[in-house]
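Participant: Following this message is one structure expressed as structure tokens.
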Amino acid sequence: MGHVIIFDHPLIQHKISLLRSVDTSCKEFRELVKEITMFMCYESLRNMPLKEVEITTPLTTCKTNVLAGPEIAVVPILRAGLGMVEGVLLLVPTAKVGHIGMYRDEVTMQPHEYYCKLPLNIAERQIIVVDPMLATGGSAVAAINFIKERGGKNIKFMCMIAAPEGLKVLQEAHPDIDIYCAHMDEGLNENCYILPGLGDAGDRIFGTK
């Protein structure tokens, strides 16, 4: 059974507050997304397995621990998820990057896939799916469906802001995955946007609005 982790670390909460502000510039917004992702990724990989190796230091030899695997794949849900990739890669520079492109039908609110490219050997990798906003949960559920259909098994989902409705949908559809959220918001408005939220994450990351 997967776990849901809502972060209460003061630094994360402080940076989330800055993210929300309408006065935060595009440059600052991108930097905050990267920084928050780094904090979240650090915690999400807490249980990565280790193996003991022997190394030579400038003074002697010693036994010490290194990561034992599995190799990591970070998979952003396009386009807003791209803003979180750098934060993961700064911690795990050897991670491979996949991409899942989706858009939401503005009438039905249902997600539609237009692109899916995953790293090789996806079944053997620790997969981190990233998207700043978990609103209705539809895109996250569909993205994880695509990954599982292609052999992915060991999956975590990471977002900045979640709505209770979307979290419930994702948990019910994929009860086996761990979900990491920087903050849980009040809920969705009539247009399925998160309140109080932070606006359109993609537009704010890429300066397209």
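Labels for the structure tokens follow display order: chains A, B, ..., residues from 1 in each chain, ligands from 1.
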Contacts of Arg20 (chain A) at 12 Å or less, counting only C-alpha atoms, minus same-chain residues fewer than 5 places along, as a ChimeraX atom specification?
Facilitator: /A:13-15,25-26,28-29,32-33,160-161,183,185,194-201,204
Participant: Can you list, as a PDB file with N, CA and C atoms, in the first residue's frame, every residue of region 33-173 of chain A that DSSP puts in helix (DSSP H, G or I)?
Facilitator:
```pdb
ATOM      1  N   VAL A  33      10.287  26.511  -7.815  1.00  0.00           N
ATOM      2  CA  VAL A  33       9.854  25.159  -8.183  1.00  0.00           C
ATOM      3  C   VAL A  33      11.036  24.193  -8.107  1.00  0.00           C
ATOM      4  N   LYS A  34      12.180  24.615  -8.625  1.00  0.00           N
ATOM      5  CA  LYS A  34      13.389  23.783  -8.577  1.00  0.00           C
ATOM      6  C   LYS A  34      13.796  23.493  -7.141  1.00  0.00           C
ATOM      7  N   GLU A  35      13.800  24.514  -6.292  1.00  0.00           N
ATOM      8  CA  GLU A  35      14.242  24.349  -4.913  1.00  0.00           C
ATOM      9  C   GLU A  35      13.296  23.444  -4.118  1.00  0.00           C
ATOM     10  N   ILE A  36      11.994  23.659  -4.270  1.00  0.00           N
ATOM     11  CA  ILE A  36      11.017  22.829  -3.560  1.00  0.00           C
ATOM     12  C   ILE A  36      11.123  21.381  -4.015  1.00  0.00           C
ATOM     13  N   THR A  37      11.317  21.180  -5.312  1.00  0.00           N
ATOM     14  CA  THR A  37      11.465  19.820  -5.836  1.00  0.00           C
ATOM     15  C   THR A  37      12.677  19.132  -5.226  1.00  0.00           C
ATOM     16  N   MET A  38      13.772  19.857  -5.068  1.00  0.00           N
ATOM     17  CA  MET A  38      14.971  19.274  -4.454  1.00  0.00           C
ATOM     18  C   MET A  38      14.680  18.798  -3.031  1.00  0.00           C
ATOM     19  N   PHE A  39      14.013  19.628  -2.242  1.00  0.00           N
ATOM     20  CA  PHE A  39      13.671  19.236  -0.872  1.00  0.00           C
ATOM     21  C   PHE A  39      12.794  17.983  -0.870  1.00  0.00           C
ATOM     22  N   MET A  40      11.801  17.949  -1.759  1.00  0.00           N
ATOM     23  CA  MET A  40      10.872  16.831  -1.800  1.00  0.00           C
ATOM     24  C   MET A  40      11.555  15.560  -2.283  1.00  0.00           C
ATOM     25  N   CYS A  41      12.416  15.697  -3.280  1.00  0.00           N
ATOM     26  CA  CYS A  41      13.117  14.540  -3.824  1.00  0.00           C
ATOM     27  C   CYS A  41      14.046  13.941  -2.777  1.00  0.00           C
ATOM     28  N   TYR A  42      14.705  14.797  -2.025  1.00  0.00           N
ATOM     29  CA  TYR A  42      15.602  14.338  -0.951  1.00  0.00           C
ATOM     30  C   TYR A  42      14.855  13.398  -0.015  1.00  0.00           C
ATOM     31  N   GLU A  43      13.643  13.794   0.376  1.00  0.00           N
ATOM     32  CA  GLU A  43      12.867  12.978   1.301  1.00  0.00           C
ATOM     33  C   GLU A  43      12.282  11.742   0.622  1.00  0.00           C
ATOM     34  N   SER A  44      11.869  11.879  -0.630  1.00  0.00           N
ATOM     35  CA  SER A  44      11.218  10.758  -1.323  1.00  0.00           C
ATOM     36  C   SER A  44      12.177   9.595  -1.573  1.00  0.00           C
ATOM     37  N   LEU A  82       7.943  19.844 -16.548  1.00  0.00           N
ATOM     38  CA  LEU A  82       9.330  20.119 -16.933  1.00  0.00           C
ATOM     39  C   LEU A  82      10.026  21.013 -15.919  1.00  0.00           C
ATOM     40  N   GLY A  83       9.257  21.879 -15.268  1.00  0.00           N
ATOM     41  CA  GLY A  83       9.849  22.793 -14.307  1.00  0.00           C
ATOM     42  C   GLY A  83      10.418  22.093 -13.085  1.00  0.00           C
ATOM     43  N   MET A  84      10.005  20.853 -12.825  1.00  0.00           N
ATOM     44  CA  MET A  84      10.468  20.117 -11.653  1.00  0.00           C
ATOM     45  C   MET A  84      11.656  19.198 -11.957  1.00  0.00           C
ATOM     46  N   VAL A  85      11.952  18.994 -13.223  1.00  0.00           N
ATOM     47  CA  VAL A  85      12.987  18.024 -13.597  1.00  0.00           C
ATOM     48  C   VAL A  85      14.360  18.425 -13.071  1.00  0.00           C
ATOM     49  N   GLU A  86      14.719  19.703 -13.206  1.00  0.00           N
ATOM     50  CA  GLU A  86      16.055  20.135 -12.795  1.00  0.00           C
ATOM     51  C   GLU A  86      16.281  19.886 -11.312  1.00  0.00           C
ATOM     52  N   GLY A  87      15.252  20.069 -10.497  1.00  0.00           N
ATOM     53  CA  GLY A  87      15.389  19.836  -9.071  1.00  0.00           C
ATOM     54  C   GLY A  87      15.751  18.405  -8.748  1.00  0.00           C
ATOM     55  N   VAL A  88      15.192  17.457  -9.512  1.00  0.00           N
ATOM     56  CA  VAL A  88      15.536  16.044  -9.327  1.00  0.00           C
ATOM     57  C   VAL A  88      16.953  15.780  -9.826  1.00  0.00           C
ATOM     58  N   LEU A  89      17.290  16.315 -10.992  1.00  0.00           N
ATOM     59  CA  LEU A  89      18.598  16.044 -11.588  1.00  0.00           C
ATOM     60  C   LEU A  89      19.742  16.644 -10.789  1.00  0.00           C
ATOM     61  N   LEU A  90      19.489  17.724 -10.069  1.00  0.00           N
ATOM     62  CA  LEU A  90      20.541  18.287  -9.230  1.00  0.00           C
ATOM     63  C   LEU A  90      20.919  17.332  -8.106  1.00  0.00           C
ATOM     64  N   LEU A  91      19.954  16.564  -7.625  1.00  0.00           N
ATOM     65  CA  LEU A  91      20.232  15.571  -6.587  1.00  0.00           C
ATOM     66  C   LEU A  91      20.711  14.252  -7.174  1.00  0.00           C
ATOM     67  N   ILE A 122      12.507   0.487 -18.301  1.00  0.00           N
ATOM     68  CA  ILE A 122      11.658   1.213 -17.357  1.00  0.00           C
ATOM     69  C   ILE A 122      11.160   0.297 -16.239  1.00  0.00           C
ATOM     70  N   ALA A 123      11.024  -0.980 -16.495  1.00  0.00           N
ATOM     71  CA  ALA A 123      10.527  -1.911 -15.473  1.00  0.00           C
ATOM     72  C   ALA A 123      11.496  -2.060 -14.315  1.00  0.00           C
ATOM     73  N   GLU A 124      12.789  -1.806 -14.549  1.00  0.00           N
ATOM     74  CA  GLU A 124      13.796  -1.972 -13.499  1.00  0.00           C
ATOM     75  C   GLU A 124      14.103  -0.674 -12.767  1.00  0.00           C
ATOM     76  N   GLY A 138      -6.938  13.473 -12.944  1.00  0.00           N
ATOM     77  CA  GLY A 138      -7.064  12.753 -14.209  1.00  0.00           C
ATOM     78  C   GLY A 138      -5.760  12.576 -14.955  1.00  0.00           C
ATOM     79  N   SER A 139      -4.976  13.641 -15.055  1.00  0.00           N
ATOM     80  CA  SER A 139      -3.713  13.553 -15.789  1.00  0.00           C
ATOM     81  C   SER A 139      -2.726  12.629 -15.083  1.00  0.00           C
ATOM     82  N   ALA A 140      -2.659  12.731 -13.761  1.00  0.00           N
ATOM     83  CA  ALA A 140      -1.741  11.873 -13.004  1.00  0.00           C
ATOM     84  C   ALA A 140      -2.116  10.408 -13.146  1.00  0.00           C
ATOM     85  N   VAL A 141      -3.399  10.106 -13.043  1.00  0.00           N
ATOM     86  CA  VAL A 141      -3.860   8.717 -13.190  1.00  0.00           C
ATOM     87  C   VAL A 141      -3.529   8.196 -14.579  1.00  0.00           C
ATOM     88  N   ALA A 142      -3.822   9.007 -15.601  1.00  0.00           N
ATOM     89  CA  ALA A 142      -3.567   8.572 -16.977  1.00  0.00           C
ATOM     90  C   ALA A 142      -2.079   8.375 -17.224  1.00  0.00           C
ATOM     91  N   ALA A 143      -1.245   9.297 -16.723  1.00  0.00           N
ATOM     92  CA  ALA A 143       0.201   9.179 -16.928  1.00  0.00           C
ATOM     93  C   ALA A 143       0.736   7.901 -16.293  1.00  0.00           C
ATOM     94  N   ILE A 144       0.296   7.603 -15.091  1.00  0.00           N
ATOM     95  CA  ILE A 144       0.766   6.393 -14.417  1.00  0.00           C
ATOM     96  C   ILE A 144       0.223   5.149 -15.108  1.00  0.00           C
ATOM     97  N   ASN A 145      -0.987   5.233 -15.647  1.00  0.00           N
ATOM     98  CA  ASN A 145      -1.504   4.125 -16.468  1.00  0.00           C
ATOM     99  C   ASN A 145      -0.572   3.840 -17.639  1.00  0.00           C
ATOM    100  N   PHE A 146      -0.150   4.905 -18.343  1.00  0.00           N
ATOM    101  CA  PHE A 146       0.736   4.737 -19.494  1.00  0.00           C
ATOM    102  C   PHE A 146       2.041   4.075 -19.080  1.00  0.00           C
ATOM    103  N   ILE A 147       2.585   4.507 -17.948  1.00  0.00           N
ATOM    104  CA  ILE A 147       3.856   3.955 -17.478  1.00  0.00           C
ATOM    105  C   ILE A 147       3.700   2.477 -17.128  1.00  0.00           C
ATOM    106  N   LYS A 148       2.635   2.139 -16.429  1.00  0.00           N
ATOM    107  CA  LYS A 148       2.412   0.737 -16.061  1.00  0.00           C
ATOM    108  C   LYS A 148       2.180  -0.126 -17.297  1.00  0.00           C
ATOM    109  N   GLU A 149       1.474   0.409 -18.279  1.00  0.00           N
ATOM    110  CA  GLU A 149       1.235  -0.344 -19.521  1.00  0.00           C
ATOM    111  C   GLU A 149       2.541  -0.654 -20.236  1.00  0.00           C
ATOM    112  N   PRO A 164      -7.787  17.959  -2.469  1.00  0.00           N
ATOM    113  CA  PRO A 164      -8.255  16.706  -1.876  1.00  0.00           C
ATOM    114  C   PRO A 164      -8.945  15.799  -2.883  1.00  0.00           C
ATOM    115  N   GLU A 165      -9.692  16.385  -3.817  1.00  0.00           N
ATOM    116  CA  GLU A 165     -10.401  15.599  -4.821  1.00  0.00           C
ATOM    117  C   GLU A 165      -9.429  14.813  -5.697  1.00  0.00           C
ATOM    118  N   GLY A 166      -8.369  15.486  -6.143  1.00  0.00           N
ATOM    119  CA  GLY A 166      -7.396  14.824  -7.003  1.00  0.00           C
ATOM    120  C   GLY A 166      -6.605  13.767  -6.270  1.00  0.00           C
ATOM    121  N   LEU A 167      -6.275  14.048  -5.017  1.00  0.00           N
ATOM    122  CA  LEU A 167      -5.542  13.070  -4.225  1.00  0.00           C
ATOM    123  C   LEU A 167      -6.360  11.795  -4.051  1.00  0.00           C
ATOM    124  N   LYS A 168      -7.654  11.960  -3.782  1.00  0.00           N
ATOM    125  CA  LYS A 168      -8.538  10.804  -3.603  1.00  0.00           C
ATOM    126  C   LYS A 168      -8.612   9.971  -4.883  1.00  0.00           C
ATOM    127  N   VAL A 169      -8.751  10.650  -6.024  1.00  0.00           N
ATOM    128  CA  VAL A 169      -8.835   9.948  -7.312  1.00  0.00           C
ATOM    129  C   VAL A 169      -7.551   9.171  -7.583  1.00  0.00           C
ATOM    130  N   LEU A 170      -6.407   9.797  -7.352  1.00  0.00           N
ATOM    131  CA  LEU A 170      -5.121   9.143  -7.614  1.00  0.00           C
ATOM    132  C   LEU A 170      -4.903   7.962  -6.680  1.00  0.00           C
ATOM    133  N   GLN A 171      -5.231   8.119  -5.415  1.00  0.00           N
ATOM    134  CA  GLN A 171      -5.084   7.019  -4.461  1.00  0.00           C
ATOM    135  C   GLN A 171      -5.949   5.824  -4.839  1.00  0.00           C
ATOM    136  N   GLU A 172      -7.189   6.094  -5.242  1.00  0.00           N
ATOM    137  CA  GLU A 172      -8.103   5.004  -5.585  1.00  0.00           C
ATOM    138  C   GLU A 172      -7.669   4.284  -6.856  1.00  0.00           C
ATOM    139  N   ALA A 173      -7.139   5.049  -7.818  1.00  0.00           N
ATOM    140  CA  ALA A 173      -6.725   4.441  -9.087  1.00  0.00           C
ATOM    141  C   ALA A 173      -5.408   3.684  -8.949  1.00  0.00           C
TER     142      ALA A 173
END
```
Participant: List the neighbours of Ile72 (chain A) out to 6 Å using only C-alpha atoms; skip same-chain residues closer than 6 positions along the sequence, and give me the result as a list in words.
Facilitator: Ala95, Arg125, Gln126 and Ile127 of chain A
Participant: Name the residues of region 24-190 of chain A that come out as strand (DSSP E or B) in a backbone DSSP run; write them as a ChimeraX atom specification.
Facilitator: /A:50-56,61-67,72-78,96-97,99-104,111-117,126-130,133-134,154-162,178-184,187-188
Participant: Mind checking which residues fall within 6 Å of Ile177 (chain A), counting only C-alpha atoms, ignoring those fewer than 4 positions away in the same chain, and posting them as a list of chain:residue names?
Facilitator: A:Gly2, A:Ile155, A:Lys156
Participant: Next, dump the selected residues to file, keeping only C-alpha atoms, as a short mmCIF file (atom, residue, chain, number, x, y, z; two decimals), in the first residue's frame.
Facilitator:
```cif
data_model
loop_
_atom_site.label_atom_id
_atom_site.label_comp_id
_atom_site.auth_asym_id
_atom_site.auth_seq_id
_atom_site.Cartn_x
_atom_site.Cartn_y
_atom_site.Cartn_z
CA GLY A 2 1.37 3.41 -0.95
CA ILE A 155 6.45 4.54 -9.12
CA LYS A 156 6.31 7.67 -6.97
#
```
Participant: Which residue is closest to Ala68 (chain A)? Choose from A:Ile12, A:Ala135, A:Cys116, A:Met48 and count only C-alpha atoms.
Facilitator: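 Smallest distance to Ala68 (chain A) is found for A:Met48.
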Participant: For a quick check of understanding, using only C-alpha atoms, which of A:Lys51, A:His112, A:His99, A:Lys153 has the smallest distance to Ala80 (chain A)?
Facilitator: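 Residue with the minimum atom-to-atom distance to Ala80 (chain A): A:His99.
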Participant: State, in Å with one decimal place, the distance from CA of Asp176 (chain A) to CA of Pro49 (chain A).
Facilitator: 18.8 Å
